[in-house]
Structures are given as C-alpha cells and as structure tokens.
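Text of the file protein.txt, holding compact mmCIF, C-alpha atoms (C1' of nucleotides):
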```txt
# COMPACT_ATOMS: atom_id res chain seq x y z
CA MET A 20 -13.32 -24.22 -4.99
CA LEU A 21 -12.69 -24.13 -1.29
CA SER A 22 -9.29 -25.74 -1.69
CA ALA A 23 -7.79 -22.52 -2.94
CA LEU A 24 -9.03 -20.77 0.17
CA GLU A 25 -7.72 -23.42 2.47
CA GLU A 26 -4.40 -23.51 0.72
CA ALA A 27 -4.03 -19.79 1.17
CA GLY A 28 -3.74 -20.09 4.93
CA LEU A 29 -6.04 -17.36 6.12
CA TYR A 30 -3.85 -16.13 8.90
CA ILE A 31 -5.68 -12.91 9.52
CA ALA A 32 -9.08 -14.53 9.74
CA LYS A 33 -7.79 -17.28 11.96
CA TRP A 34 -6.10 -14.80 14.19
CA ALA A 35 -9.38 -12.93 14.61
CA GLU A 36 -11.18 -16.12 15.59
CA GLN A 37 -8.54 -17.15 18.07
CA ASN A 38 -8.50 -13.75 19.70
CA SER A 39 -12.15 -13.17 20.39
CA GLY A 40 -12.70 -9.59 21.40
CA GLY A 41 -9.49 -8.29 19.95
CA SER A 42 -10.86 -8.63 16.43
CA LEU A 43 -8.62 -7.76 13.53
CA THR A 44 -7.43 -4.46 14.87
CA ASP A 45 -4.40 -5.71 16.75
CA CYS A 46 -3.32 -8.40 14.30
CA PRO A 47 0.48 -8.21 14.18
CA VAL A 48 0.53 -9.17 10.53
CA ARG A 49 -1.32 -6.04 9.58
CA GLY A 50 1.53 -3.89 10.78
CA VAL A 51 3.94 -5.70 8.52
CA LEU A 52 1.59 -5.60 5.60
CA ASP A 53 0.91 -1.91 5.99
CA ARG A 54 4.60 -1.16 5.85
CA ILE A 55 5.16 -3.32 2.83
CA SER A 56 2.24 -1.91 0.96
CA ASP A 57 3.47 1.64 0.68
CA LYS A 58 4.17 3.09 -2.70
CA TRP A 59 7.83 2.21 -3.09
CA SER A 60 8.95 -0.56 -0.74
CA MET A 61 8.01 -3.44 -2.96
CA LEU A 62 9.49 -1.84 -6.03
CA LEU A 63 12.80 -1.14 -4.30
CA VAL A 64 13.00 -4.66 -2.94
CA MET A 65 12.44 -6.04 -6.41
CA THR A 66 15.09 -3.69 -7.77
CA LEU A 67 17.59 -4.88 -5.19
CA ALA A 68 16.59 -8.46 -5.89
CA ASP A 69 18.75 -8.25 -8.97
CA GLY A 70 21.81 -7.44 -6.87
CA PRO A 71 23.33 -4.71 -4.67
CA ARG A 72 22.90 -1.17 -5.86
CA ARG A 73 24.26 2.24 -5.04
CA PHE A 74 22.07 5.20 -4.23
CA ASN A 75 22.07 7.04 -7.50
CA GLN A 76 22.09 3.78 -9.36
CA ILE A 77 18.68 3.03 -7.87
CA ARG A 78 17.48 6.50 -8.77
CA ARG A 79 18.34 5.86 -12.37
CA GLU A 80 16.55 2.53 -12.41
CA VAL A 81 13.47 3.91 -10.71
CA PRO A 82 13.32 7.33 -12.29
CA ASP A 83 10.01 8.48 -10.85
CA ILE A 84 10.99 8.20 -7.22
CA SER A 85 12.06 11.40 -5.52
CA GLN A 86 15.32 11.51 -3.64
CA LYS A 87 13.41 12.05 -0.43
CA MET A 88 11.25 8.98 -0.80
CA LEU A 89 14.20 6.89 -1.91
CA THR A 90 16.15 7.89 1.20
CA GLN A 91 13.16 7.39 3.43
CA THR A 92 12.05 4.07 1.99
CA LEU A 93 15.56 2.67 2.08
CA ARG A 94 15.89 3.70 5.70
CA ASP A 95 12.58 2.09 6.57
CA LEU A 96 13.60 -1.10 4.82
CA GLN A 97 16.88 -1.02 6.68
CA ARG A 98 15.04 -0.45 9.93
CA ASP A 99 12.86 -3.45 9.26
CA GLY A 100 15.93 -5.55 8.56
CA LEU A 101 15.14 -6.16 4.92
CA VAL A 102 17.98 -4.09 3.51
CA ALA A 103 21.58 -3.69 4.61
CA ARG A 104 23.48 -0.47 4.06
CA ARG A 105 27.22 -0.54 3.58
CA VAL A 106 29.39 2.57 3.29
CA TYR A 107 32.66 2.43 1.38
CA ASP A 108 35.15 5.00 2.52
CA THR A 109 36.14 6.26 -0.89
CA LYS A 110 35.92 9.76 -2.24
CA PRO A 111 33.45 10.61 -3.27
CA PRO A 112 31.85 8.19 -0.84
CA SER A 113 29.80 5.35 -2.19
CA VAL A 114 26.98 3.63 -0.34
CA GLU A 115 25.73 0.23 -1.28
CA TYR A 116 22.36 -1.24 -0.50
CA ARG A 117 21.69 -4.95 -0.60
CA LEU A 118 18.97 -7.28 0.56
CA THR A 119 19.47 -9.12 3.81
CA PRO A 120 18.57 -12.82 3.95
CA MET A 121 15.14 -11.82 5.26
CA GLY A 122 14.89 -9.29 2.45
CA GLU A 123 15.65 -12.00 -0.06
CA SER A 124 13.07 -14.27 1.47
CA ILE A 125 10.29 -11.79 0.78
CA ILE A 126 11.05 -11.89 -2.90
CA VAL A 127 9.22 -15.17 -3.18
CA PRO A 128 5.78 -13.96 -2.01
CA PHE A 129 6.36 -10.73 -3.92
CA GLY A 130 7.08 -12.78 -6.98
CA HIS A 131 3.79 -14.62 -6.63
CA LEU A 132 1.95 -11.34 -6.38
CA ILE A 133 3.73 -9.90 -9.39
CA GLU A 134 3.01 -13.03 -11.33
CA TRP A 135 -0.66 -12.73 -10.45
CA ALA A 136 -0.64 -9.08 -11.49
CA SER A 137 1.00 -9.83 -14.81
CA GLU A 138 -1.57 -12.52 -15.49
CA ASN A 139 -4.57 -10.43 -14.55
CA HIS A 140 -3.84 -6.80 -15.28
CA ARG A 141 -5.53 -7.00 -18.66
CA ARG A 142 -8.66 -8.45 -17.14
CA ILE A 143 -8.62 -5.75 -14.49
CA THR A 144 -8.24 -2.98 -17.02
CA ALA A 145 -11.10 -4.43 -19.04
CA SER A 146 -13.25 -4.67 -15.93
CA ARG A 147 -12.60 -1.03 -15.14
CA VAL A 148 -13.62 0.08 -18.60
CA GLU A 149 -16.81 -1.94 -18.40
CA PHE A 150 -17.58 -0.62 -14.93
CA ASP A 151 -17.02 3.00 -15.92
CA ALA A 152 -19.31 2.61 -18.91
CA ALA A 153 -22.21 2.12 -16.52
CA MET B 5 21.08 -18.25 -3.34
CA LEU B 6 20.19 -17.12 -6.78
CA SER B 7 17.58 -19.82 -7.19
CA ALA B 8 15.16 -17.95 -4.98
CA LEU B 9 15.53 -14.92 -7.16
CA GLU B 10 14.99 -16.83 -10.33
CA GLU B 11 12.03 -18.66 -8.93
CA ALA B 12 10.42 -15.39 -8.04
CA GLY B 13 10.00 -14.45 -11.67
CA LEU B 14 11.16 -10.87 -11.65
CA TYR B 15 8.48 -9.58 -13.92
CA ILE B 16 9.10 -5.93 -13.23
CA ALA B 17 12.82 -6.10 -13.82
CA LYS B 18 12.37 -8.15 -16.97
CA TRP B 19 9.78 -5.78 -18.24
CA ALA B 20 12.18 -2.89 -17.79
CA GLU B 21 14.89 -4.67 -19.74
CA GLN B 22 12.60 -5.60 -22.58
CA ASN B 23 11.28 -2.07 -22.88
CA SER B 24 14.45 -0.09 -23.05
CA GLY B 25 13.75 3.57 -22.63
CA GLY B 26 10.40 3.16 -20.98
CA SER B 27 12.06 1.97 -17.78
CA LEU B 28 9.87 0.94 -14.91
CA THR B 29 7.56 3.88 -15.04
CA ASP B 30 5.00 2.44 -17.42
CA CYS B 31 5.05 -1.14 -16.17
CA PRO B 32 1.43 -2.30 -16.22
CA VAL B 33 1.94 -4.45 -13.17
CA ARG B 34 2.69 -1.42 -11.06
CA GLY B 35 -0.80 -0.10 -11.62
CA VAL B 36 -2.29 -3.28 -10.28
CA LEU B 37 0.07 -3.40 -7.35
CA ASP B 38 -0.59 0.19 -6.41
CA ARG B 39 -4.30 -0.46 -6.25
CA ILE B 40 -3.89 -3.60 -4.21
CA SER B 41 -1.54 -1.99 -1.78
CA ASP B 42 -3.89 0.58 -0.37
CA LYS B 43 -4.81 0.46 3.26
CA TRP B 44 -7.90 -1.74 3.11
CA SER B 45 -8.16 -3.72 -0.14
CA MET B 46 -6.14 -6.68 0.96
CA LEU B 47 -7.87 -6.90 4.31
CA LEU B 48 -11.31 -6.83 2.74
CA VAL B 49 -10.39 -9.47 0.20
CA MET B 50 -9.16 -11.70 2.98
CA THR B 51 -12.34 -11.07 4.92
CA LEU B 52 -14.47 -12.03 1.94
CA ALA B 53 -12.26 -15.05 1.37
CA ASP B 54 -14.15 -16.72 4.18
CA GLY B 55 -17.43 -16.33 2.32
CA PRO B 56 -19.93 -13.69 1.16
CA ARG B 57 -20.67 -10.88 3.56
CA ARG B 58 -23.18 -8.10 3.93
CA PHE B 59 -22.18 -4.49 4.36
CA ASN B 60 -22.58 -4.08 8.08
CA GLN B 61 -21.35 -7.58 8.64
CA ILE B 62 -18.01 -6.52 7.19
CA ARG B 63 -18.01 -3.42 9.34
CA ARG B 64 -18.34 -5.56 12.43
CA GLU B 65 -15.52 -7.83 11.36
CA VAL B 66 -13.23 -4.94 10.46
CA PRO B 67 -14.13 -2.49 13.18
CA ASP B 68 -11.55 0.16 12.45
CA ILE B 69 -12.60 0.88 8.90
CA SER B 70 -14.82 3.88 8.41
CA GLN B 71 -18.04 3.44 6.51
CA LYS B 72 -16.75 5.77 3.86
CA MET B 73 -13.61 3.76 3.20
CA LEU B 74 -15.56 0.52 3.29
CA THR B 75 -17.94 1.78 0.64
CA GLN B 76 -15.13 3.20 -1.42
CA THR B 77 -12.83 0.21 -1.19
CA LEU B 78 -15.63 -2.20 -2.01
CA ARG B 79 -16.55 -0.14 -5.04
CA ASP B 80 -12.95 -0.08 -6.22
CA LEU B 81 -12.69 -3.82 -5.79
CA GLN B 82 -15.92 -4.22 -7.70
CA ARG B 83 -14.61 -1.95 -10.43
CA ASP B 84 -11.49 -4.05 -10.72
CA GLY B 85 -13.62 -7.18 -11.02
CA LEU B 86 -12.40 -8.73 -7.78
CA VAL B 87 -15.68 -8.41 -5.90
CA ALA B 88 -19.27 -8.91 -7.02
CA ARG B 89 -22.11 -6.95 -5.48
CA ARG B 90 -25.57 -8.45 -5.32
CA VAL B 91 -28.62 -6.57 -4.07
CA TYR B 92 -31.53 -8.49 -2.56
CA ASP B 93 -34.80 -6.68 -2.89
CA THR B 94 -35.95 -7.15 0.68
CA LYS B 95 -36.84 -4.51 3.20
CA PRO B 96 -34.76 -3.32 4.65
CA PRO B 97 -32.56 -3.97 1.63
CA SER B 98 -29.59 -6.25 1.99
CA VAL B 99 -26.49 -6.16 -0.16
CA GLU B 100 -24.13 -9.03 -0.40
CA TYR B 101 -20.49 -8.86 -1.43
CA ARG B 102 -18.59 -11.89 -2.60
CA LEU B 103 -15.33 -12.56 -4.36
CA THR B 104 -15.40 -13.17 -8.07
CA PRO B 105 -13.31 -16.04 -9.46
CA MET B 106 -10.54 -13.55 -10.12
CA GLY B 107 -10.96 -12.26 -6.60
CA GLU B 108 -10.58 -15.76 -5.26
CA SER B 109 -7.48 -16.30 -7.32
CA ILE B 110 -5.69 -13.45 -5.64
CA ILE B 111 -6.12 -15.10 -2.27
CA VAL B 112 -3.28 -17.43 -3.10
CA PRO B 113 -0.53 -14.81 -3.53
CA PHE B 114 -2.03 -12.85 -0.65
CA GLY B 115 -1.84 -15.98 1.45
CA HIS B 116 1.84 -16.36 0.68
CA LEU B 117 2.47 -12.78 1.74
CA ILE B 118 0.47 -13.20 4.94
CA GLU B 119 2.34 -16.38 5.69
CA TRP B 120 5.62 -14.56 5.21
CA ALA B 121 4.43 -11.76 7.48
CA SER B 122 3.35 -14.14 10.18
CA GLU B 123 6.71 -15.87 10.05
CA ASN B 124 8.76 -12.68 10.12
CA HIS B 125 6.89 -10.02 12.04
CA ARG B 126 8.75 -10.83 15.24
CA ARG B 127 12.08 -10.51 13.51
CA ILE B 128 10.96 -7.23 11.98
CA THR B 129 9.82 -5.82 15.30
CA ALA B 130 13.12 -6.83 16.86
CA SER B 131 15.01 -5.22 14.02
CA ARG B 132 13.13 -1.99 14.52
CA VAL B 133 13.90 -1.90 18.21
CA GLU B 134 17.55 -2.49 17.52
CA PHE B 135 17.64 0.16 14.81
CA ASP B 136 15.93 2.76 16.97
CA ALA B 137 18.38 2.15 19.76
CA ALA B 138 21.12 3.55 17.55
C1' DC C 4 28.16 11.03 -4.40
C1' DG C 5 24.78 10.52 -0.95
C1' DG C 6 22.19 12.45 1.41
C1' DG C 7 19.59 16.24 5.26
C1' DA C 8 16.29 20.03 6.12
C1' DT C 9 12.28 22.80 4.56
C1' DC C 10 8.31 24.06 2.58
C1' DC C 11 4.23 23.07 0.42
C1' DT C 12 0.56 20.67 -2.19
C1' DA C 13 -2.56 17.01 -3.33
C1' DG C 14 -4.62 13.04 -2.19
C1' DT C 15 -6.26 10.04 1.53
C1' DT C 16 -8.83 9.23 5.62
C1' DG C 17 -12.03 10.08 9.40
C1' DA C 18 -16.11 12.33 11.74
C1' DT C 19 -20.50 13.79 11.35
C1' DA C 20 -24.93 14.32 9.51
C1' DC C 21 -28.47 12.92 6.46
C1' DT C 22 -31.36 9.56 3.17
C1' DG C 23 -34.23 5.87 0.54
C1' DC D 3 -29.77 -1.60 6.16
C1' DA D 4 -26.79 0.39 3.16
C1' DG D 5 -25.37 3.80 1.78
C1' DT D 6 -24.36 9.50 0.13
C1' DA D 7 -22.60 14.13 1.10
C1' DT D 8 -19.80 17.40 3.32
C1' DC D 9 -16.18 19.07 5.90
C1' DA D 10 -11.95 18.83 8.52
C1' DA D 11 -7.52 16.62 9.55
C1' DC D 12 -3.68 14.26 8.44
C1' DT D 13 0.12 12.85 5.87
C1' DA D 14 2.48 10.92 2.04
C1' DG D 15 4.92 12.71 -1.38
C1' DG D 16 7.37 16.14 -4.45
C1' DA D 17 10.24 20.45 -5.17
C1' DT D 18 13.91 22.94 -3.78
C1' DC D 19 18.04 24.25 -1.53
C1' DC D 20 21.99 22.95 1.02
C1' DC D 21 26.04 20.26 2.81
C1' DG D 22 30.34 17.07 3.81
```

Could you rewrite the structure in this file as structure tokens?
Amino acid sequence: MLSALEEAGLYIAKWAEQNSGGSLTDCPVRGVLDRISDKWSMLLVMTLADGPRRFNQIRREVPDISQKMLTQTLRDLQRDGLVARRVYDTKPPSVEYRLTPMGESIIVPFGHLIEWASENHRRITASRVEFDAA
Amino acid sequence: MLSALEEAGLYIAKWAEQNSGGSLTDCPVRGVLDRISDKWSMLLVMTLADGPRRFNQIRREVPDISQKMLTQTLRDLQRDGLVARRVYDTKPPSVEYRLTPMGESIIVPFGHLIEWASENHRRITASRVEFDAA
DNA sequence: CGGGATCCTAGTTGATACTG
DNA sequence: CAGTATCAACTAGGATCCCG
C-alpha cells in the first residue's frame, strides 16, 4: 500500500521537509502546477498533441473556448515555452501553433492523468450522487 | 517522436472523434479534470498522501490556505470519494482526513506531473524571462 | 484570418467574526 | 478543535466591437 506512495515521488512534501521554515508556500513546483491547472491549458496542449494547428482551427475543435481565452492561453503557453507560434506571411495571414519539445514532454504526465480520469469518472460521479443524497 | 504521443493515450481527442457532433464539450473526463485542477485539491491530496491528518494539522502544513477553502476543498474531495472523513468523539472533537483507495490511486498520475514540474520549472522560468524581454 | 481593446458579470477567494 | 456564516475583494472568463 505504501509502495504506490513511494513510487509517486512526493516532491512537494519532500521539498517542505528539506526547507524547514519555508513550508510549502515557496515551492517552485506549485507555480508550474498552478499555471497548468487553469481551465484551458491542458485541453489546448492535448489538442496540439495531435499536430500543429491554426488559430481558428483550434477554435473549431474546442468550441466552448472564447477567442479571448484562446489568445490568452496560447500566449501563456508560448511564454512558458510549451508552445511555439509561427506566422506565415500569406494573405490572409495564417498563424500556426505547435508544441515545443518541452510541450510534447508534458503530454506524458497529462496522459496519465487523463487515463486516471477516464478510469474513475464513473466512480466519482456515483460518489457525488451518494454524497448529495445525504 | 510520435511514440510519446501514442503512449500518452489521447483520451480526449479520441473521445471527440468517436462522438462526432458532440465535440469536446461533453467529454466526461473534462469534468474530472476541472475539479482536480482547482487551486488546492492537488496540494491537499499530496499532503494527505503522507498519511492521515487532522484539520488544523493540515492548516499548519499548508499555511497559505484559508480555513474556508480548506473546509470547502476537503468537502469536495470527500464528495468525489477521494478523501474519507472520520470523526472521533473526544473532547475537544478531532476529525481525521485520509485518502480513500481511489484517492491514493490518483497520487500516481499526480506524482508524474509533479516530477515533470520539478524537472522543468527552471526551463519554464527562463522561458518566461526571455519572453518578457521581448 | 488572427487577433487587440473594452466592458461587464459570475464565480472564486480571503478576512473577520462567531459557535458547538 | 473544527468548523459555519457573512461580507468584501479579486479576477477569470465571456460578450462585443474593432482592426490590419
């Protein structure tokens, strides 16, 4: 039972222990995780995982994102070095977004999380129903 | 290069293809992911990964969470079946939170993500600095 | 086509005070 | 100790209009 915990590599907890006094607040990993865990970043990364996409192409594939959040999230991902933006000087202009090598590397942990979610979302839904009954 | 993508198991993308018309909007995995990706859930799960904790014990370990958000996040995690709450009838009363088996199972994908973050947060920070310079 | 700039709302979070 | 309740602040996000 403990093996799963050990295997997980509890970076945050370890970090807290090693930095007595600093506690969890300053953990550098939290900054990364907070960015990743916004509403759209993960979804856009997974969309681009399938290959480069143009702006309005992404909009069509993720219909419920607003243009503002698409622009903003793509820029944030670019800023973090996960996505590369390439402008083709055609008319009308076309802009292509693709994952950088680092962006592609995050697909793996994302994939694990998605796999977990697909395996457990029924259990979670059932648990919610049961909880709300009480 | 494509092997990483395949290995990731692109559940969301596959789901969209299989459900033509519904697109990504209704993907059941997204509901799970949205819940998990709030500000505190992941951090609390990782805190409880180390073993059961009492309410104020968690507060001390995660100093920058407000009592309101701690209560709320713990209740949400309990509702989703990731955390079990056990009340000991002492005085003053003590309440213990521990991960359920499902809660423990999510540590593994979380661990992968944390590992990724710990490996890349320097690169990300550097990328941000470079981006902001322009 | 690929955005930028505004305005505005709704949900999230924190601070504070109180309770069994 | 382990919460609840209330209020205030903040901000993520959407709607709309505009532009090169």

For this session: Identify, on the basis of only C-alpha atoms (C1' of nucleotides), every residue whose closest approach to segment 56-72 of chain A does not exceed 7 Å; exclude the query and any residue fewer than 3 positions from it along the same chain; express the result as a PyMOL selection string.
Result: (chain A and resi 52-53+76-77+92+115-118+123+126) or (chain B and resi 9+17+38+41-42)

For this session: Tell me which protein, DNA and RNA residues are within 9 Å of DC4 of chain C, counting all atoms listed in the file, leaving out same-chain ones fewer than 5 positions away, and put them as a ChimeraX atom specification.
Result: /A:74-75,110-114

For this session: Hey, list the chain C side of the contact with chain B: 10 Å cut-off, only C-alpha atoms (C1' of nucleotides), answer as a count of residues only.
Result: 4

Mind dumping a table of every chain B residue within 6 Å of chain A, with the nearest atom pair and its distance in Å to one decimal, using only C-alpha atoms, sorted by chain and rising number, as a tab-separated table?
```
residue	atom	partner	partner_atom	distance
B:Ala12	CA	A:Gly130	CA	4.4
B:Gly13	CA	A:Gly130	CA	5.8
B:Val33	CA	A:Ala136	CA	5.6
B:Ser41	CA	A:Ser56	CA	4.7
B:Arg83	CA	A:Arg147	CA	5.2
B:Asp84	CA	A:Ile143	CA	5.0
B:Gly85	CA	A:Ser146	CA	5.5
B:Val112	CA	A:Ala27	CA	4.9
B:Pro113	CA	A:Leu132	CA	5.1
B:Gly115	CA	A:Ala27	CA	4.4
B:His116	CA	A:Pro128	CA	5.3
B:Leu117	CA	A:Pro128	CA	5.1
B:Ala121	CA	A:Val48	CA	5.6
B:Ser122	CA	A:Val48	CA	5.7
B:Ile128	CA	A:Asp99	CA	5.0
B:Ser131	CA	A:Asp99	CA	5.5
B:Arg132	CA	A:Arg98	CA	5.2
B:Phe135	CA	A:Arg98	CA	5.6
```

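In this structure, atom C1' of DT22 of chain C sits 18.2 Å away from atom CA of Leu74 of chain B.
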
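Shortest separation to chain D among B:Gly107, B:Arg89, B:Thr75, B:Ala138 occurs at residue B:Thr75, atoms counted being only C-alpha atoms (C1' of nucleotides).
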
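In plain terms, chain D touches chain A through D:DA14, D:DG15, D:DG16, D:DA17, where touching means an atom at most 10 Å away, counting all atoms listed in the file.
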
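From atom C1' of DC19 of chain D back to atom C1' of DT9 of chain C, the distance works out to 8.5 Å.
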
Output, as AutoDock Vina command-line options, the centre and edge lengths in Å (one decimal) of the axis-aligned box that contains all listed atoms of segment 18-22 of chain D with 5 Å of margin on each side.
```
--center_x 22.1 --center_y 20.7 --center_z 0.0 --size_x 26.4 --size_y 17.2 --size_z 17.6
```

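Here atom CA of Gln76 of chain B and atom C1' of DT6 of chain D stand 11.3 Å from one another.
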